[in-house]
$ cat protein.cif   # mmCIF, C-alpha atoms
data_my_file
loop_
_atom_site.label_atom_id
_atom_site.label_comp_id
_atom_site.auth_asym_id
_atom_site.auth_seq_id
_atom_site.Cartn_x
_atom_site.Cartn_y
_atom_site.Cartn_z
CA MET A 1 0.00 0.00 0.00
CA LYS A 2 1.31 3.41 -0.90
CA LYS A 3 2.18 5.64 1.99
CA SER A 4 0.96 9.23 1.92
CA VAL A 5 2.22 12.23 3.83
CA LEU A 6 0.41 12.87 7.10
CA PHE A 7 -2.06 15.68 6.46
CA VAL A 8 -1.17 17.92 9.39
CA PHE A 9 -1.24 21.66 10.03
CA ALA A 10 -0.23 21.14 10.43
CA PRO A 11 -6.46 41.02 -5.42
CA VAL A 12 -5.72 41.17 -7.88
CA ILE A 13 -3.33 43.01 -5.46
CA ALA A 14 -2.77 46.71 -5.38
CA VAL A 15 -1.79 47.89 -8.88
CA LEU A 16 0.88 45.61 -10.19
CA SER A 17 0.20 42.01 -9.19
CA VAL A 18 -2.41 39.36 -8.57
CA VAL A 19 -2.62 37.47 -5.32
CA LEU A 20 -3.43 33.84 -6.05
CA SER A 21 -4.03 30.89 -3.79
CA CYS A 22 -1.81 27.86 -3.40
CA GLY A 23 -2.49 25.16 -5.91
CA GLY A 24 -3.57 27.61 -8.62
CA GLY A 25 -2.85 27.99 -12.30
CA SER A 26 -1.56 30.40 -14.92
CA SER A 27 -1.76 34.17 -14.76
CA GLN A 28 -4.07 36.28 -16.89
CA THR A 29 -5.14 39.90 -16.57
CA ALA A 30 -8.27 41.61 -17.76
CA PRO A 31 -8.41 42.83 -21.39
CA GLY A 32 -5.79 45.50 -21.95
CA GLY A 33 -3.49 43.99 -19.32
CA THR A 34 -5.05 45.84 -16.39
CA ALA A 35 -6.63 44.58 -13.21
CA ALA A 36 -10.38 44.17 -13.31
CA GLU A 37 -12.42 47.06 -11.98
CA ALA A 38 -15.22 46.73 -9.45
CA PRO A 39 -18.11 44.55 -10.66
CA PRO A 40 -20.93 46.30 -12.50
CA GLN A 41 -24.28 46.91 -10.82
CA VAL A 42 -26.65 44.04 -11.47
CA SER A 43 -30.27 44.67 -12.42
CA GLN A 44 -31.62 41.54 -10.73
CA SER A 45 -30.51 39.16 -8.06
CA THR A 46 -28.06 36.38 -8.80
CA LEU A 47 -30.62 33.81 -7.67
CA GLN A 48 -33.23 35.16 -10.08
CA THR A 49 -30.69 35.22 -12.90
CA ILE A 50 -29.81 31.60 -12.16
CA LYS A 51 -33.45 30.53 -12.02
CA ASN A 52 -34.21 32.30 -15.31
CA ARG A 53 -31.18 30.66 -16.91
CA GLY A 54 -31.93 27.25 -15.46
CA TYR A 55 -28.46 26.41 -14.17
CA ILE A 56 -25.57 27.68 -12.04
CA ILE A 57 -22.25 28.65 -13.64
CA ALA A 58 -19.42 27.60 -11.35
CA GLY A 59 -15.81 28.60 -11.85
CA VAL A 60 -13.57 25.62 -11.15
CA ASN A 61 -10.18 24.10 -11.83
CA ALA A 62 -9.69 21.51 -14.57
CA THR A 63 -6.30 20.07 -13.62
CA ASN A 64 -6.33 19.59 -9.85
CA GLN A 65 -6.68 15.88 -9.12
CA GLY A 66 -8.94 15.19 -6.17
CA PHE A 67 -10.39 18.70 -6.08
CA ALA A 68 -11.52 19.48 -9.64
CA PHE A 69 -10.35 17.62 -12.71
CA LEU A 70 -11.63 17.41 -16.29
CA GLU A 71 -11.81 13.75 -17.30
CA SER A 72 -11.17 12.51 -20.83
CA ASP A 73 -14.91 11.92 -21.32
CA GLY A 74 -15.61 15.62 -20.70
CA SER A 75 -16.98 15.21 -17.17
CA TYR A 76 -15.64 16.99 -14.12
CA LYS A 77 -14.75 15.07 -10.97
CA GLY A 78 -13.52 16.05 -7.53
CA PHE A 79 -14.28 17.53 -4.14
CA GLU A 80 -15.03 21.05 -5.36
CA ILE A 81 -17.24 19.69 -8.15
CA GLU A 82 -19.29 17.93 -5.47
CA LEU A 83 -19.68 21.21 -3.58
CA ALA A 84 -21.14 22.73 -6.74
CA LYS A 85 -23.55 19.80 -7.03
CA ALA A 86 -24.69 20.43 -3.46
CA LEU A 87 -25.40 24.05 -4.39
CA SER A 88 -27.42 22.92 -7.41
CA ALA A 89 -29.41 20.59 -5.16
CA ALA A 90 -30.18 23.49 -2.82
CA VAL A 91 -31.40 25.76 -5.62
CA PHE A 92 -33.04 23.29 -8.01
CA GLY A 93 -33.56 20.11 -5.99
CA VAL A 94 -31.25 18.16 -8.34
CA PRO A 95 -27.44 18.10 -8.48
CA ASP A 96 -26.84 18.56 -12.18
CA LYS A 97 -28.13 22.03 -13.06
CA LEU A 98 -24.58 23.23 -13.53
CA GLU A 99 -22.15 24.58 -16.09
CA PHE A 100 -18.51 24.32 -15.10
CA ARG A 101 -16.24 27.08 -16.33
CA PRO A 102 -12.56 26.02 -16.17
CA LEU A 103 -10.41 28.92 -15.00
CA THR A 104 -6.76 29.55 -14.27
CA SER A 105 -5.84 31.11 -10.96
CA ALA A 106 -5.57 34.59 -12.45
CA GLU A 107 -8.76 34.29 -14.49
CA ARG A 108 -10.94 33.18 -11.60
CA PHE A 109 -11.38 36.46 -9.72
CA VAL A 110 -11.87 38.48 -12.91
CA ALA A 111 -14.48 35.97 -14.09
CA LEU A 112 -16.43 36.39 -10.87
CA GLN A 113 -16.12 40.17 -10.79
CA SER A 114 -17.34 40.49 -14.38
CA GLY A 115 -20.36 38.23 -13.87
CA GLU A 116 -19.06 35.45 -16.12
CA ILE A 117 -19.64 32.98 -13.28
CA ASP A 118 -22.06 32.87 -10.36
CA VAL A 119 -19.80 31.25 -7.79
CA LEU A 120 -16.10 30.47 -7.55
CA ILE A 121 -15.13 27.10 -6.08
CA ARG A 122 -11.45 26.85 -6.96
CA THR A 123 -8.95 26.45 -4.10
CA ALA A 124 -9.12 30.18 -3.34
CA THR A 125 -7.36 31.07 -0.11
CA ILE A 126 -9.26 33.61 1.98
CA ASN A 127 -7.12 36.58 2.96
CA ILE A 128 -7.80 40.19 3.91
CA THR A 129 -6.70 41.64 0.55
CA ARG A 130 -9.06 39.49 -1.46
CA ASP A 131 -11.92 39.91 0.97
CA THR A 132 -11.70 43.70 1.01
CA GLN A 133 -10.21 44.78 -2.33
CA LEU A 134 -11.67 42.46 -4.97
CA GLY A 135 -15.38 43.14 -4.56
CA LEU A 136 -15.96 39.55 -3.43
CA ASP A 137 -17.46 37.79 -0.44
CA PHE A 138 -16.15 34.47 0.83
CA THR A 139 -17.90 31.75 2.71
CA THR A 140 -16.37 30.28 5.82
CA PRO A 141 -13.62 27.81 4.83
CA TYR A 142 -14.65 24.54 3.22
CA PHE A 143 -11.10 23.19 3.49
CA TYR A 144 -8.16 23.99 5.73
CA ASP A 145 -4.85 23.49 3.97
CA GLY A 146 -1.21 24.55 4.29
CA GLN A 147 1.93 24.76 2.18
CA THR A 148 4.73 22.21 2.18
CA PHE A 149 7.47 20.71 -0.04
CA ILE A 150 8.05 17.59 -2.13
CA VAL A 151 11.56 16.32 -2.86
CA ARG A 152 13.22 13.19 -4.19
CA ALA A 153 13.46 10.55 -1.53
CA ASP A 154 17.19 10.07 -2.10
CA ALA A 155 18.08 13.79 -2.06
CA GLY A 156 19.01 13.85 1.62
CA VAL A 157 16.48 16.60 2.32
CA ASN A 158 14.62 16.26 5.60
CA ARG A 159 13.96 19.84 6.66
CA LEU A 160 13.63 23.26 5.10
CA GLU A 161 17.23 24.23 5.82
CA ASP A 162 18.40 21.28 3.70
CA LEU A 163 16.99 23.07 0.64
CA LYS A 164 19.68 25.79 0.79
CA GLY A 165 20.86 26.52 -2.76
CA SER A 166 18.14 24.33 -4.30
CA SER A 167 15.86 25.14 -7.23
CA ILE A 168 12.22 25.07 -6.13
CA ALA A 169 9.26 25.08 -8.50
CA VAL A 170 6.10 27.04 -7.68
CA ILE A 171 3.07 28.41 -9.50
CA THR A 172 3.77 31.89 -10.78
CA GLY A 173 2.00 34.75 -9.02
CA SER A 174 0.51 32.46 -6.38
CA THR A 175 0.53 32.71 -2.62
CA THR A 176 2.73 29.62 -2.83
CA GLU A 177 5.36 31.81 -4.47
CA THR A 178 5.03 34.70 -2.02
CA ASN A 179 4.88 32.43 1.04
CA LEU A 180 8.02 30.64 -0.11
CA ALA A 181 9.91 33.89 -0.63
CA ALA A 182 8.87 35.16 2.80
CA VAL A 183 9.82 32.06 4.77
CA MET A 184 13.15 31.58 2.99
CA ALA A 185 14.07 35.22 3.60
CA SER A 186 13.07 34.97 7.26
CA ARG A 187 15.40 31.98 7.70
CA SER A 188 18.19 33.35 5.47
CA ILE A 189 18.00 30.32 3.18
CA SER A 190 19.17 30.98 -0.37
CA TYR A 191 17.26 29.21 -3.17
CA GLN A 192 16.35 29.54 -6.85
CA PRO A 193 12.63 29.96 -7.53
CA VAL A 194 11.43 28.43 -10.81
CA THR A 195 7.91 29.45 -11.77
CA TYR A 196 5.32 27.67 -13.89
CA LYS A 197 1.74 28.48 -14.85
CA ASP A 198 0.01 25.53 -13.13
CA PHE A 199 0.61 22.54 -10.90
CA GLU A 200 0.85 20.13 -13.81
CA GLU A 201 3.95 21.99 -15.01
CA VAL A 202 5.29 22.25 -11.46
CA LYS A 203 5.11 18.53 -10.78
CA ASN A 204 6.49 17.67 -14.22
CA ALA A 205 9.49 19.88 -13.48
CA LEU A 206 10.32 17.72 -10.47
CA ILE A 207 9.66 14.44 -12.26
CA SER A 208 11.88 15.44 -15.20
CA GLY A 209 14.68 16.61 -12.91
CA ARG A 210 14.53 20.27 -13.94
CA VAL A 211 14.17 21.33 -10.28
CA ASP A 212 15.26 19.96 -6.93
CA ALA A 213 11.94 20.43 -5.14
CA ILE A 214 8.42 21.78 -5.46
CA SER A 215 6.31 23.72 -2.98
CA ALA A 216 2.55 23.25 -2.96
CA ASP A 217 -0.51 22.76 -0.78
CA LYS A 218 -0.27 19.76 1.52
CA SER A 219 -3.40 18.25 0.00
CA ALA A 220 -1.80 18.48 -3.46
CA ALA A 221 1.35 16.94 -2.03
CA VAL A 222 -0.60 13.97 -0.67
CA VAL A 223 -2.27 13.43 -4.05
CA PHE A 224 1.10 13.70 -5.83
CA LEU A 225 2.69 11.17 -3.51
CA GLU A 226 -0.24 8.81 -3.87
CA GLN A 227 0.36 8.87 -7.61
CA TYR A 228 4.16 9.08 -7.76
CA GLY A 229 5.51 8.36 -4.27
CA ALA A 230 6.56 4.83 -5.17
CA GLY A 231 8.79 6.41 -7.82
CA GLY A 232 11.05 7.90 -5.15
CA TYR A 233 9.51 11.10 -3.78
CA LYS A 234 8.62 12.26 -0.29
CA GLY A 235 6.98 15.22 1.39
CA LEU A 236 8.47 17.26 4.18
CA GLU A 237 6.59 17.55 7.44
CA GLU A 238 7.10 21.31 7.42
CA THR A 239 4.01 23.48 6.95
CA ILE A 240 4.86 27.11 6.17
CA SER A 241 1.44 28.72 5.78
CA LYS A 242 -2.26 28.64 6.56
CA GLU A 243 -4.49 28.20 3.50
CA PRO A 244 -8.20 28.38 4.41
CA LEU A 245 -10.08 27.75 1.15
CA GLY A 246 -13.49 29.36 0.61
CA MET A 247 -16.18 29.66 -2.03
CA ALA A 248 -16.59 33.20 -3.32
CA VAL A 249 -19.44 35.29 -4.74
CA ARG A 250 -19.70 38.90 -5.84
CA HIS A 251 -20.06 41.45 -3.06
CA GLY A 252 -23.44 43.12 -2.69
CA ASP A 253 -25.88 40.24 -3.23
CA ASN A 254 -26.47 39.14 0.33
CA ASN A 255 -29.17 36.62 -0.55
CA TRP A 256 -26.93 34.66 -2.92
CA LYS A 257 -24.09 34.79 -0.39
CA ASP A 258 -26.48 33.40 2.23
CA ILE A 259 -27.50 30.53 -0.05
CA VAL A 260 -23.92 29.52 -0.78
CA GLN A 261 -22.91 29.84 2.87
CA TRP A 262 -25.89 27.94 4.27
CA THR A 263 -25.43 25.18 1.70
CA LEU A 264 -21.97 24.70 3.14
CA PHE A 265 -23.43 24.77 6.66
CA ALA A 266 -25.91 22.09 5.58
CA LEU A 267 -23.02 19.84 4.56
CA PHE A 268 -21.36 20.47 7.93
CA PHE A 269 -24.62 19.90 9.82
CA GLY A 270 -25.24 16.57 8.12
CA ASP A 271 -21.70 15.45 8.94
CA GLU A 272 -22.00 16.62 12.53
CA HIS A 273 -25.31 14.78 13.11
CA ASN A 274 -24.49 11.71 10.97
CA ILE A 275 -27.29 12.49 8.53
CA THR A 276 -26.24 10.85 5.26
CA SER A 277 -27.64 10.41 1.77
CA ALA A 278 -28.42 6.80 2.75
CA ASN A 279 -30.25 7.40 6.04
CA ILE A 280 -31.81 10.83 5.58
CA ASP A 281 -35.28 9.51 4.77
CA GLN A 282 -35.30 7.40 7.91
CA VAL A 283 -34.05 10.36 9.94
CA LYS A 284 -36.82 12.53 8.48
CA ASP A 285 -39.49 9.97 9.41
CA THR A 286 -38.29 9.49 12.98
CA ALA A 287 -36.70 12.82 13.96
CA THR A 288 -37.69 14.28 17.31
CA ASN A 289 -34.87 16.82 17.69
CA PRO A 290 -36.46 20.21 16.85
CA GLU A 291 -33.37 21.55 15.08
CA ILE A 292 -33.01 18.45 12.91
CA LYS A 293 -36.70 18.65 12.00
CA LYS A 294 -36.26 22.28 10.96
CA PHE A 295 -33.12 21.38 9.04
CA LEU A 296 -35.09 18.79 7.08
CA GLY A 297 -37.90 21.22 6.30
CA ILE A 298 -40.34 20.11 8.96
CA GLY A 299 -41.71 23.16 10.75
CA LEU A 300 -39.80 26.42 10.35
CA GLU A 301 -40.11 27.78 6.82
CA HIS A 302 -36.45 28.60 6.48
CA GLY A 303 -36.49 27.83 2.75
CA ALA A 304 -38.61 30.92 2.11
CA MET A 305 -36.08 32.98 4.03
CA LEU A 306 -33.53 32.12 1.34
CA GLY A 307 -35.87 32.08 -1.65
CA LEU A 308 -35.59 28.29 -1.86
CA ALA A 309 -37.90 25.32 -1.38
CA ASN A 310 -38.47 24.41 2.25
CA ASP A 311 -36.72 21.05 1.78
CA TRP A 312 -33.57 22.57 0.27
CA ALA A 313 -31.27 21.24 3.01
CA TYR A 314 -32.84 17.79 2.74
CA GLN A 315 -32.12 17.85 -0.99
CA VAL A 316 -28.50 18.88 -0.39
CA ILE A 317 -27.84 15.80 1.74
CA LYS A 318 -30.04 13.46 -0.28
CA GLN A 319 -28.54 14.44 -3.63
CA ALA A 320 -24.91 15.19 -2.69
CA GLY A 321 -24.29 13.63 0.72
CA ASN A 322 -22.89 15.35 3.79
CA TYR A 323 -19.39 16.85 3.98
CA GLY A 324 -17.80 13.63 5.19
CA GLU A 325 -19.36 11.59 2.39
CA ILE A 326 -18.10 14.06 -0.21
CA PHE A 327 -14.62 14.11 1.32
CA ASP A 328 -14.36 10.34 1.51
CA ARG A 329 -15.38 9.63 -2.06
CA THR A 330 -13.20 12.32 -3.65
CA LEU A 331 -10.17 12.81 -1.42
CA GLY A 332 -10.15 10.27 1.38
CA ILE A 333 -10.60 6.87 -0.23
CA PRO A 334 -9.09 7.42 -3.71
CA MET A 335 -6.32 9.87 -2.73
CA HIS A 336 -5.61 8.88 0.90
CA VAL A 337 -5.92 12.49 2.07
CA THR A 338 -6.66 12.50 5.79
CA ARG A 339 -9.18 14.95 7.15
CA GLY A 340 -6.98 16.80 9.66
CA PHE A 341 -8.85 19.91 10.77
CA ASN A 342 -11.54 19.26 8.15
CA LYS A 343 -13.83 17.52 10.62
CA PRO A 344 -16.78 18.59 12.79
CA TRP A 345 -15.96 20.36 16.02
CA THR A 346 -17.41 17.35 17.84
CA GLN A 347 -14.53 15.28 16.43
CA GLY A 348 -11.78 17.80 17.16
CA GLY A 349 -12.03 19.58 13.80
CA LEU A 350 -12.72 23.21 12.88
CA PHE A 351 -16.11 22.81 11.15
CA TYR A 352 -19.07 24.22 13.00
CA ALA A 353 -22.50 24.52 11.42
CA ASN A 354 -24.40 27.59 12.60
CA PRO A 355 -27.76 26.67 14.17
CA PHE A 356 -30.69 25.81 11.91
CA ASN A 357 -33.38 27.51 13.99
#
$ encode --input "protein.cif" --output "structure tokens"
Amino acid sequence: MKKSVLFVFAPVIAVLSVVLSCGGGSSQTAPGGTAAEAPPQVSQSTLQTIKNRGYIIAGVNATNQGFAFLESDGSYKGFEIELAKALSAAVFGVPDKLEFRPLTSAERFVALQSGEIDVLIRTATINITRDTQLGLDFTTPYFYDGQTFIVRADAGVNRLEDLKGSSIAVITGSTTETNLAAVMASRSISYQPVTYKDFEEVKNALISGRVDAISADKSAAVVFLEQYGAGGYKGLEETISKEPLGMAVRHGDNNWKDIVQWTLFALFFGDEHNITSANIDQVKDTATNPEIKKFLGIGLEHGAMLGLANDWAYQVIKQAGNYGEIFDRTLGIPMHVTRGFNKPWTQGGLFYANPFN
């Protein structure tokens, strides 16, 4: 059995550069080479636009195994794709009213600002610059990650200081790049950064021997090692950053933000209370807990509060599963990514569903 690394924790900015999350892709600016301006005023709500259109447009990755990946048959698979399906279930009662728009790291924020997409679910790290300067609103984190390193197993590298003088591949313009520069400077470790447009190019640089190491999200490192670890690679235990990943929507449409956020809370709530796609009908028939009854659409008309059907949360779990189910079938079982902090608070994790009452 292949051994994976233990999953432990362990604005476009200003005028000249774009802040990107770890695990991103290639850089692209708005037409004319300038940063995108504030989003235009919309004449109707995002939810109404989506209902009139008949589907949600989600901005996603297409090359990130485990999270969002375009298969050869044209279908998208992965953890973030399943989050989009949960959102479709909340709005439409079915999980497939979706169009996936593949975006690079630099394209993603511009696409959301301009209205090209309705929601961004693409390994976007939440930070103060993005949350205040890009005209976006983030949900609470759906995944807690951190940045680490992958090296050849026989390179004699066991800690960060062993990388002195090494060439290290990162995604250009990403927080991976800026985090790496900051930590190496703080420890006075000299190194040669080698930048690529996406993680596919980064990992190929290590495999081909063009670089000595790569730096990436720990989740991406686990997936890489699951695929290539037997070929002589290992991950360092060092975690040099916090990378809380959130879904993002345009600022100013509070109702749509609420829908996206409470869909995520529904996934957390189901996980916390062991309400699964398999047992939810039984739970609905036998529930006595007032909050669970309200969650399932029995009693409080919280669907109307959001502009959704009263059984929207039931449909989320029934159609997509709870958070744990989604994690297990996309990251846990196939990729051997361990949950770490990505568990309910009742199990020592950081996920906490706000009350459904």
$ residues_around --input "protein.cif" --residues "Arg108 (chain A)" --least-positions-apart "2" --cutoff "9 Å" --atoms "all atoms listed in the file" --output "PDB file with C-alpha atoms, in the frame of the given file"
ATOM      1  CA  GLY A  59     -15.810  28.600 -11.850  1.00  0.00           C
ATOM      2  CA  VAL A  60     -13.570  25.620 -11.150  1.00  0.00           C
ATOM      3  CA  PRO A 102     -12.560  26.020 -16.170  1.00  0.00           C
ATOM      4  CA  LEU A 103     -10.410  28.920 -15.000  1.00  0.00           C
ATOM      5  CA  THR A 104      -6.760  29.550 -14.270  1.00  0.00           C
ATOM      6  CA  SER A 105      -5.840  31.110 -10.960  1.00  0.00           C
ATOM      7  CA  ALA A 106      -5.570  34.590 -12.450  1.00  0.00           C
ATOM      8  CA  VAL A 110     -11.870  38.480 -12.910  1.00  0.00           C
ATOM      9  CA  ALA A 111     -14.480  35.970 -14.090  1.00  0.00           C
ATOM     10  CA  LEU A 112     -16.430  36.390 -10.870  1.00  0.00           C
ATOM     11  CA  GLN A 113     -16.120  40.170 -10.790  1.00  0.00           C
ATOM     12  CA  ILE A 117     -19.640  32.980 -13.280  1.00  0.00           C
ATOM     13  CA  LEU A 120     -16.100  30.470  -7.550  1.00  0.00           C
ATOM     14  CA  ARG A 122     -11.450  26.850  -6.960  1.00  0.00           C
ATOM     15  CA  ALA A 124      -9.120  30.180  -3.340  1.00  0.00           C
TER      16      ALA A 124
END
$ axis_aligned_box --input "protein.cif" --around "region 324-328 of chain A" --padding-each-side "8 Å" --output "lines of an AutoDock Vina configuration file"
center_x = -16.9
center_y = 12.2
center_z = 2.5
size_x = 21.0
size_y = 19.8
size_z = 21.4
$ resolve_selection --input "protein.cif" --expression "the PyMOL selection byres ((chain A and resi 239-248) around 6)" --output "ChimeraX atom specification"
/A:10,119-121,123-126,137-139,141-148,238,249
$ residues_around --input "protein.cif" --residues "Asn279 (chain A)" --least-positions-apart "6" --cutoff "12 Å" --atoms "only C-alpha atoms" --output "list in words"
Gly270, His273, Asp285, Thr286, Ala287, Tyr314, Ile317, Lys318, Gly321 and Asn322 of chain A
$ residues_near_point --input "protein.cif" --point "(-40.0, 28.2, -3.8)" --cutoff "12 Å" --atoms "only C-alpha atoms" --output "JSON, numbers by chain"
{"A": [47, 48, 51, 90, 91, 92, 93, 301, 302, 303, 304, 305, 306, 307, 308, 309, 310, 311, 312]}
$ closest_residue --input "protein.cif" --among "A:Asp271, A:Glu201, A:Asp73, A:Glu80" --to "Thr330 (chain A)" --atoms "only C-alpha atoms"
A:Glu80
$ resolve_selection --input "protein.cif" --expression "the PyMOL selection byres ((chain A and resi 294) around 12)" --output "list in words"
Ala266, Phe269, Lys284, Ala287, Thr288, Asn289, Pro290, Glu291, Ile292, Lys293, Phe295, Leu296, Gly297, Ile298, Gly299, Leu300, Glu301, His302, Gly303, Asn310, Asp311, Trp312, Ala313, Tyr314, Pro355, Phe356 and Asn357 of chain A
$ write_last_selection --input "protein.cif" --atoms "C-alpha atoms" --output "short mmCIF file (atom, residue, chain, number, x, y, z; two decimals), in the coordinates of the input"
data_model
loop_
_atom_site.label_atom_id
_atom_site.label_comp_id
_atom_site.auth_asym_id
_atom_site.auth_seq_id
_atom_site.Cartn_x
_atom_site.Cartn_y
_atom_site.Cartn_z
CA ALA A 266 -25.91 22.09 5.58
CA PHE A 269 -24.62 19.90 9.82
CA LYS A 284 -36.82 12.53 8.48
CA ALA A 287 -36.70 12.82 13.96
CA THR A 288 -37.69 14.28 17.31
CA ASN A 289 -34.87 16.82 17.69
CA PRO A 290 -36.46 20.21 16.85
CA GLU A 291 -33.37 21.55 15.08
CA ILE A 292 -33.01 18.45 12.91
CA LYS A 293 -36.70 18.65 12.00
CA PHE A 295 -33.12 21.38 9.04
CA LEU A 296 -35.09 18.79 7.08
CA GLY A 297 -37.90 21.22 6.30
CA ILE A 298 -40.34 20.11 8.96
CA GLY A 299 -41.71 23.16 10.75
CA LEU A 300 -39.80 26.42 10.35
CA GLU A 301 -40.11 27.78 6.82
CA HIS A 302 -36.45 28.60 6.48
CA GLY A 303 -36.49 27.83 2.75
CA ASN A 310 -38.47 24.41 2.25
CA ASP A 311 -36.72 21.05 1.78
CA TRP A 312 -33.57 22.57 0.27
CA ALA A 313 -31.27 21.24 3.01
CA TYR A 314 -32.84 17.79 2.74
CA PRO A 355 -27.76 26.67 14.17
CA PHE A 356 -30.69 25.81 11.91
CA ASN A 357 -33.38 27.51 13.99
#
$ residues_around --input "protein.cif" --residues "Gly324 (chain A)" --least-positions-apart "4" --cutoff "10 Å" --atoms "all atoms listed in the file" --output "PyMOL selection string"
chain A and resi 267-268+270-272+274+276+328-329+332+339+342-344
$ residues_around --input "protein.cif" --residues "region 52-57 of chain A" --least-positions-apart "3" --cutoff "8 Å" --atoms "all atoms listed in the file" --output "count of residues only"
12
$ closest_atom_pairs --input "protein.cif" --of "region 103-168 of chain A" --to "region 187-198 of chain A" --cutoff "8 Å" --atoms "all atoms listed in the file" --output "Markdown table"
| residue | atom | partner | partner_atom | distance |
| --- | --- | --- | --- | --- |
| A:Thr104 | CA | A:Asp198 | CA | 8.0 |
| A:Glu161 | CA | A:Ile189 | CA | 6.7 |
| A:Leu163 | CA | A:Tyr191 | CA | 7.2 |
| A:Lys164 | CA | A:Ser190 | CA | 5.3 |
| A:Gly165 | CA | A:Tyr191 | CA | 4.5 |
| A:Ser166 | CA | A:Tyr191 | CA | 5.1 |
| A:Ser167 | CA | A:Gln192 | CA | 4.4 |
| A:Ile168 | CA | A:Pro193 | CA | 5.1 |
$ atom_distance --input "protein.cif" --atom1 "CA of Phe109 (chain A)" --atom2 "CA of Ile150 (chain A)"
28.1 Å
$ resolve_selection --input "protein.cif" --expression "the PyMOL selection byres ((chain A and resi 85) around 9)" --output "MDAnalysis selection string"
chainID A and resid 80:84 86:90 94:98 316 319:320
$ write_last_selection --input "protein.cif" --atoms "C-alpha atoms" --output "tab-separated table (two decimals), in the coordinates of the input"
chain	number	residue	atom	x	y	z
A	80	GLU	CA	-15.03	21.05	-5.36
A	81	ILE	CA	-17.24	19.69	-8.15
A	82	GLU	CA	-19.29	17.93	-5.47
A	83	LEU	CA	-19.68	21.21	-3.58
A	84	ALA	CA	-21.14	22.73	-6.74
A	86	ALA	CA	-24.69	20.43	-3.46
A	87	LEU	CA	-25.40	24.05	-4.39
A	88	SER	CA	-27.42	22.92	-7.41
A	89	ALA	CA	-29.41	20.59	-5.16
A	90	ALA	CA	-30.18	23.49	-2.82
A	94	VAL	CA	-31.25	18.16	-8.34
A	95	PRO	CA	-27.44	18.10	-8.48
A	96	ASP	CA	-26.84	18.56	-12.18
A	97	LYS	CA	-28.13	22.03	-13.06
A	98	LEU	CA	-24.58	23.23	-13.53
A	316	VAL	CA	-28.50	18.88	-0.39
A	319	GLN	CA	-28.54	14.44	-3.63
A	320	ALA	CA	-24.91	15.19	-2.69
$ residues_near_point --input "protein.cif" --point "(-0.6, 14.8, -0.9)" --cutoff "8 Å" --atoms "only C-alpha atoms" --output "number ranges by chain"
A: 4-5, 7, 217-226, 235, 335-337
$ closest_residue --input "protein.cif" --among "A:Lys77, A:Arg130, A:His251, A:Arg152" --to "Leu331 (chain A)" --atoms "all atoms listed in the file"
A:Lys77
$ atom_distance --input "protein.cif" --atom1 "CA of Ala58 (chain A)" --atom2 "CA of Gly252 (chain A)"
18.2 Å
$ atom_distance --input "protein.cif" --atom1 "CA of Val183 (chain A)" --atom2 "CA of Arg159 (chain A)"
13.0 Å
$ build_atoms --input "protein.cif" --residues "region 46-57 of chain A" --atoms "N, CA and C atoms" --output "compact mmCIF listing (two decimals), keeping the file's coordinate frame"
# COMPACT_ATOMS: atom_id res chain seq x y z
N THR A 46 -28.75 37.53 -8.22
CA THR A 46 -28.06 36.38 -8.80
C THR A 46 -28.97 35.17 -8.81
N LEU A 47 -29.71 34.97 -7.73
CA LEU A 47 -30.62 33.81 -7.67
C LEU A 47 -31.66 33.87 -8.78
N GLN A 48 -32.23 35.04 -9.03
CA GLN A 48 -33.23 35.16 -10.08
C GLN A 48 -32.60 34.94 -11.46
N THR A 49 -31.40 35.46 -11.64
CA THR A 49 -30.69 35.22 -12.90
C THR A 49 -30.47 33.73 -13.12
N ILE A 50 -30.06 33.04 -12.07
CA ILE A 50 -29.81 31.60 -12.16
C ILE A 50 -31.10 30.85 -12.45
N LYS A 51 -32.18 31.21 -11.78
CA LYS A 51 -33.45 30.53 -12.02
C LYS A 51 -33.95 30.77 -13.43
N ASN A 52 -33.80 31.99 -13.93
CA ASN A 52 -34.21 32.30 -15.31
C ASN A 52 -33.37 31.52 -16.32
N ARG A 53 -32.08 31.38 -16.02
CA ARG A 53 -31.18 30.66 -16.91
C ARG A 53 -31.40 29.16 -16.85
N GLY A 54 -31.68 28.67 -15.65
CA GLY A 54 -31.93 27.25 -15.46
C GLY A 54 -30.73 26.45 -14.98
N TYR A 55 -29.62 27.11 -14.67
CA TYR A 55 -28.46 26.41 -14.17
C TYR A 55 -27.49 27.41 -13.54
N ILE A 56 -26.60 26.90 -12.71
CA ILE A 56 -25.57 27.68 -12.04
C ILE A 56 -24.27 27.56 -12.83
N ILE A 57 -23.57 28.68 -13.01
CA ILE A 57 -22.25 28.65 -13.64
C ILE A 57 -21.20 28.73 -12.55
